[in-house]
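Visitor: My questions all concern the structure below.
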Amino acid sequence: QVQLVESGGGLVQAGGSLRLACAASGRIFSSNAMGWYRRAAGRQRELVATITSGGTTNYADSVKGRFIVSRDNAKKTVYLQMNSLKPEDTAVYYCNTLNVATYYPWGQGTQVTVSS
């Protein structure tokens with residue numbers, strides 16, 4: 001059974017930075033592309049960043065130029081460096097694969113709160 005554990009969230013002022021981590025345990029395949037998602041209160045889950053097994057990245061327009069996704073396959077960990085944070089980045093952040101057919105069980109997420 002795969003388990004995803006997100007960490008690194010917190011309360012930060014606008015313009016600040018946070019680094020999130022998503023650690024996986026269990027039988028996880030390093031060949032899977034992974035994504036960082038977020039869900040703000042009252043809104044649907046949004047995919048904000050993706051990274052392939054080879055390190056190719058892609059970003060939602062709302063975070064492009066501010067967020068950086070990376071991964072360490074040996075550590076089974078995916079990271080999200082978030083810079084120049086804005087109040088609209090406030091959400092619970094999760095990681096998972098990109099295809100609903102291959103989703104691992106969702107973790108508890110990590111809360112990011114950006115104050116203005």
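Chain labels run A, B, ... following the order of the structure tokens; each chain numbers its residues from 1, and ligands are numbered from 1 in the order shown.
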Using only C-alpha atoms, tabulate the residues of region 5-25 of chain A lying at most 7 Å from any atom of region 72-94 of chain A, each with its closest atom pair and that distance in Å to one decimal, by chain and increasing residue number, as a tab-separated table.

Guide:
residue	atom	partner	partner_atom	distance
A:Glu6	CA	A:Tyr94	CA	6.5
A:Ala14	CA	A:Lys86	CA	5.0
A:Gly15	CA	A:Ser84	CA	4.1
A:Gly16	CA	A:Ser84	CA	5.5
A:Ser17	CA	A:Asn83	CA	4.4
A:Leu18	CA	A:Met82	CA	5.2
A:Arg19	CA	A:Gln81	CA	4.4
A:Leu20	CA	A:Leu80	CA	5.0
A:Ala21	CA	A:Tyr79	CA	4.5
A:Cys22	CA	A:Val78	CA	5.1
A:Ala23	CA	A:Thr77	CA	4.4
A:Ala24	CA	A:Lys76	CA	5.4

Visitor: Write out as a PyMOL selection string the set of residues from chain A that DSSP, computed on the backbone, places in helix (DSSP H, G or I).

Guide: chain A and resi 73-75+87-89+100-102

Visitor: Emit the selected residues as a PDB file, in the first residue's frame, including all heavy atoms.

Guide:
ATOM      1  N   ASN A  73      14.120  10.726  -6.877  1.00  0.00           N
ATOM      2  CA  ASN A  73      13.559   9.387  -6.997  1.00  0.00           C
ATOM      3  C   ASN A  73      14.140   8.427  -5.963  1.00  0.00           C
ATOM      4  O   ASN A  73      13.444   7.536  -5.482  1.00  0.00           O
ATOM      5  CB  ASN A  73      13.789   8.845  -8.412  1.00  0.00           C
ATOM      6  CG  ASN A  73      12.942   9.560  -9.451  1.00  0.00           C
ATOM      7  OD1 ASN A  73      11.868  10.074  -9.138  1.00  0.00           O
ATOM      8  ND2 ASN A  73      13.431   9.609 -10.682  1.00  0.00           N
ATOM      9  N   ALA A  74      15.396   8.617  -5.628  1.00  0.00           N
ATOM     10  CA  ALA A  74      16.018   7.734  -4.639  1.00  0.00           C
ATOM     11  C   ALA A  74      15.339   7.876  -3.279  1.00  0.00           C
ATOM     12  O   ALA A  74      15.224   6.901  -2.538  1.00  0.00           O
ATOM     13  CB  ALA A  74      17.503   8.030  -4.523  1.00  0.00           C
ATOM     14  N   LYS A  75      14.893   9.084  -2.982  1.00  0.00           N
ATOM     15  CA  LYS A  75      14.221   9.341  -1.708  1.00  0.00           C
ATOM     16  C   LYS A  75      12.704   9.224  -1.830  1.00  0.00           C
ATOM     17  O   LYS A  75      11.987   9.403  -0.841  1.00  0.00           O
ATOM     18  CB  LYS A  75      14.584  10.730  -1.186  1.00  0.00           C
ATOM     19  CG  LYS A  75      16.046  10.886  -0.814  1.00  0.00           C
ATOM     20  CD  LYS A  75      16.307  12.271  -0.243  1.00  0.00           C
ATOM     21  CE  LYS A  75      17.769  12.413   0.177  1.00  0.00           C
ATOM     22  NZ  LYS A  75      18.055  13.765   0.731  1.00  0.00           N
ATOM     23  N   PRO A  87      -1.799  35.800  -1.549  1.00  0.00           N
ATOM     24  CA  PRO A  87      -2.940  35.298  -0.763  1.00  0.00           C
ATOM     25  C   PRO A  87      -3.769  34.259  -1.525  1.00  0.00           C
ATOM     26  O   PRO A  87      -4.290  33.320  -0.905  1.00  0.00           O
ATOM     27  CB  PRO A  87      -3.742  36.570  -0.484  1.00  0.00           C
ATOM     28  CG  PRO A  87      -2.703  37.648  -0.446  1.00  0.00           C
ATOM     29  CD  PRO A  87      -1.715  37.267  -1.518  1.00  0.00           C
ATOM     30  N   GLU A  88      -3.863  34.398  -2.829  1.00  0.00           N
ATOM     31  CA  GLU A  88      -4.636  33.430  -3.617  1.00  0.00           C
ATOM     32  C   GLU A  88      -3.975  32.059  -3.721  1.00  0.00           C
ATOM     33  O   GLU A  88      -4.561  31.123  -4.258  1.00  0.00           O
ATOM     34  CB  GLU A  88      -4.932  33.976  -5.019  1.00  0.00           C
ATOM     35  CG  GLU A  88      -3.723  34.486  -5.769  1.00  0.00           C
ATOM     36  CD  GLU A  88      -3.570  36.000  -5.641  1.00  0.00           C
ATOM     37  OE1 GLU A  88      -3.718  36.533  -4.516  1.00  0.00           O
ATOM     38  OE2 GLU A  88      -3.278  36.648  -6.684  1.00  0.00           O
ATOM     39  N   ASP A  89      -2.754  31.924  -3.216  1.00  0.00           N
ATOM     40  CA  ASP A  89      -2.116  30.607  -3.157  1.00  0.00           C
ATOM     41  C   ASP A  89      -2.560  29.819  -1.925  1.00  0.00           C
ATOM     42  O   ASP A  89      -2.210  28.644  -1.774  1.00  0.00           O
ATOM     43  CB  ASP A  89      -0.592  30.754  -3.115  1.00  0.00           C
ATOM     44  CG  ASP A  89      -0.015  31.332  -4.392  1.00  0.00           C
ATOM     45  OD1 ASP A  89      -0.492  30.960  -5.480  1.00  0.00           O
ATOM     46  OD2 ASP A  89       0.897  32.175  -4.297  1.00  0.00           O
ATOM     47  N   VAL A 100      -6.106   9.741 -13.128  1.00  0.00           N
ATOM     48  CA  VAL A 100      -7.036   9.261 -12.110  1.00  0.00           C
ATOM     49  C   VAL A 100      -7.003   7.746 -12.000  1.00  0.00           C
ATOM     50  O   VAL A 100      -7.254   7.186 -10.927  1.00  0.00           O
ATOM     51  CB  VAL A 100      -8.463   9.774 -12.408  1.00  0.00           C
ATOM     52  CG1 VAL A 100      -8.997   9.181 -13.702  1.00  0.00           C
ATOM     53  CG2 VAL A 100      -9.389   9.510 -11.253  1.00  0.00           C
ATOM     54  N   ALA A 101      -6.671   7.073 -13.089  1.00  0.00           N
ATOM     55  CA  ALA A 101      -6.620   5.614 -13.060  1.00  0.00           C
ATOM     56  C   ALA A 101      -5.428   5.098 -12.264  1.00  0.00           C
ATOM     57  O   ALA A 101      -5.413   3.920 -11.874  1.00  0.00           O
ATOM     58  CB  ALA A 101      -6.559   5.068 -14.488  1.00  0.00           C
ATOM     59  N   THR A 102      -4.436   5.947 -12.038  1.00  0.00           N
ATOM     60  CA  THR A 102      -3.229   5.502 -11.325  1.00  0.00           C
ATOM     61  C   THR A 102      -3.013   6.252 -10.019  1.00  0.00           C
ATOM     62  O   THR A 102      -1.941   6.163  -9.433  1.00  0.00           O
ATOM     63  CB  THR A 102      -1.973   5.672 -12.203  1.00  0.00           C
ATOM     64  OG1 THR A 102      -1.799   7.056 -12.525  1.00  0.00           O
ATOM     65  CG2 THR A 102      -2.094   4.869 -13.492  1.00  0.00           C
TER      66      THR A 102
END

Visitor: Write down as an MDAnalysis selection string the residues belonging to region 23-105 of chain A that are assigned strand (DSSP E or B) by DSSP computed on the backbone.

Guide: chainID A and resid 23:25 34:39 46:51 57:59 67:72 77:82 91:97

Visitor: Measuring atom to atom with only C-alpha atoms, identify which of A:Ile28, A:Pro105, A:Val48, A:Val12 is nearest to Gly65 (chain A).

Guide: A:Val48

Visitor: Could you pull the residues within 7 Å of Tyr59 (chain A), counting only C-alpha atoms, minus those fewer than 5 positions along the same chain, as a PyMOL selection string?

Guide: chain A and resi 48-50+64

Visitor: Keeping N, CA and C atoms, export the residues of the selection given above as a PDB file, in the first residue's frame.

Guide:
ATOM      1  N   VAL A  48      -1.323  22.253 -10.131  1.00  0.00           N
ATOM      2  CA  VAL A  48      -0.498  23.450 -10.276  1.00  0.00           C
ATOM      3  C   VAL A  48       0.879  23.168 -10.850  1.00  0.00           C
ATOM      4  N   ALA A  49       1.410  21.962 -10.701  1.00  0.00           N
ATOM      5  CA  ALA A  49       2.745  21.672 -11.206  1.00  0.00           C
ATOM      6  C   ALA A  49       2.880  20.177 -11.443  1.00  0.00           C
ATOM      7  N   THR A  50       3.611  19.839 -12.488  1.00  0.00           N
ATOM      8  CA  THR A  50       3.858  18.427 -12.795  1.00  0.00           C
ATOM      9  C   THR A  50       5.329  18.198 -13.086  1.00  0.00           C
ATOM     10  N   LYS A  64       3.242  29.901 -12.673  1.00  0.00           N
ATOM     11  CA  LYS A  64       4.425  29.885 -13.536  1.00  0.00           C
ATOM     12  C   LYS A  64       5.348  31.045 -13.189  1.00  0.00           C
TER      13      LYS A  64
END
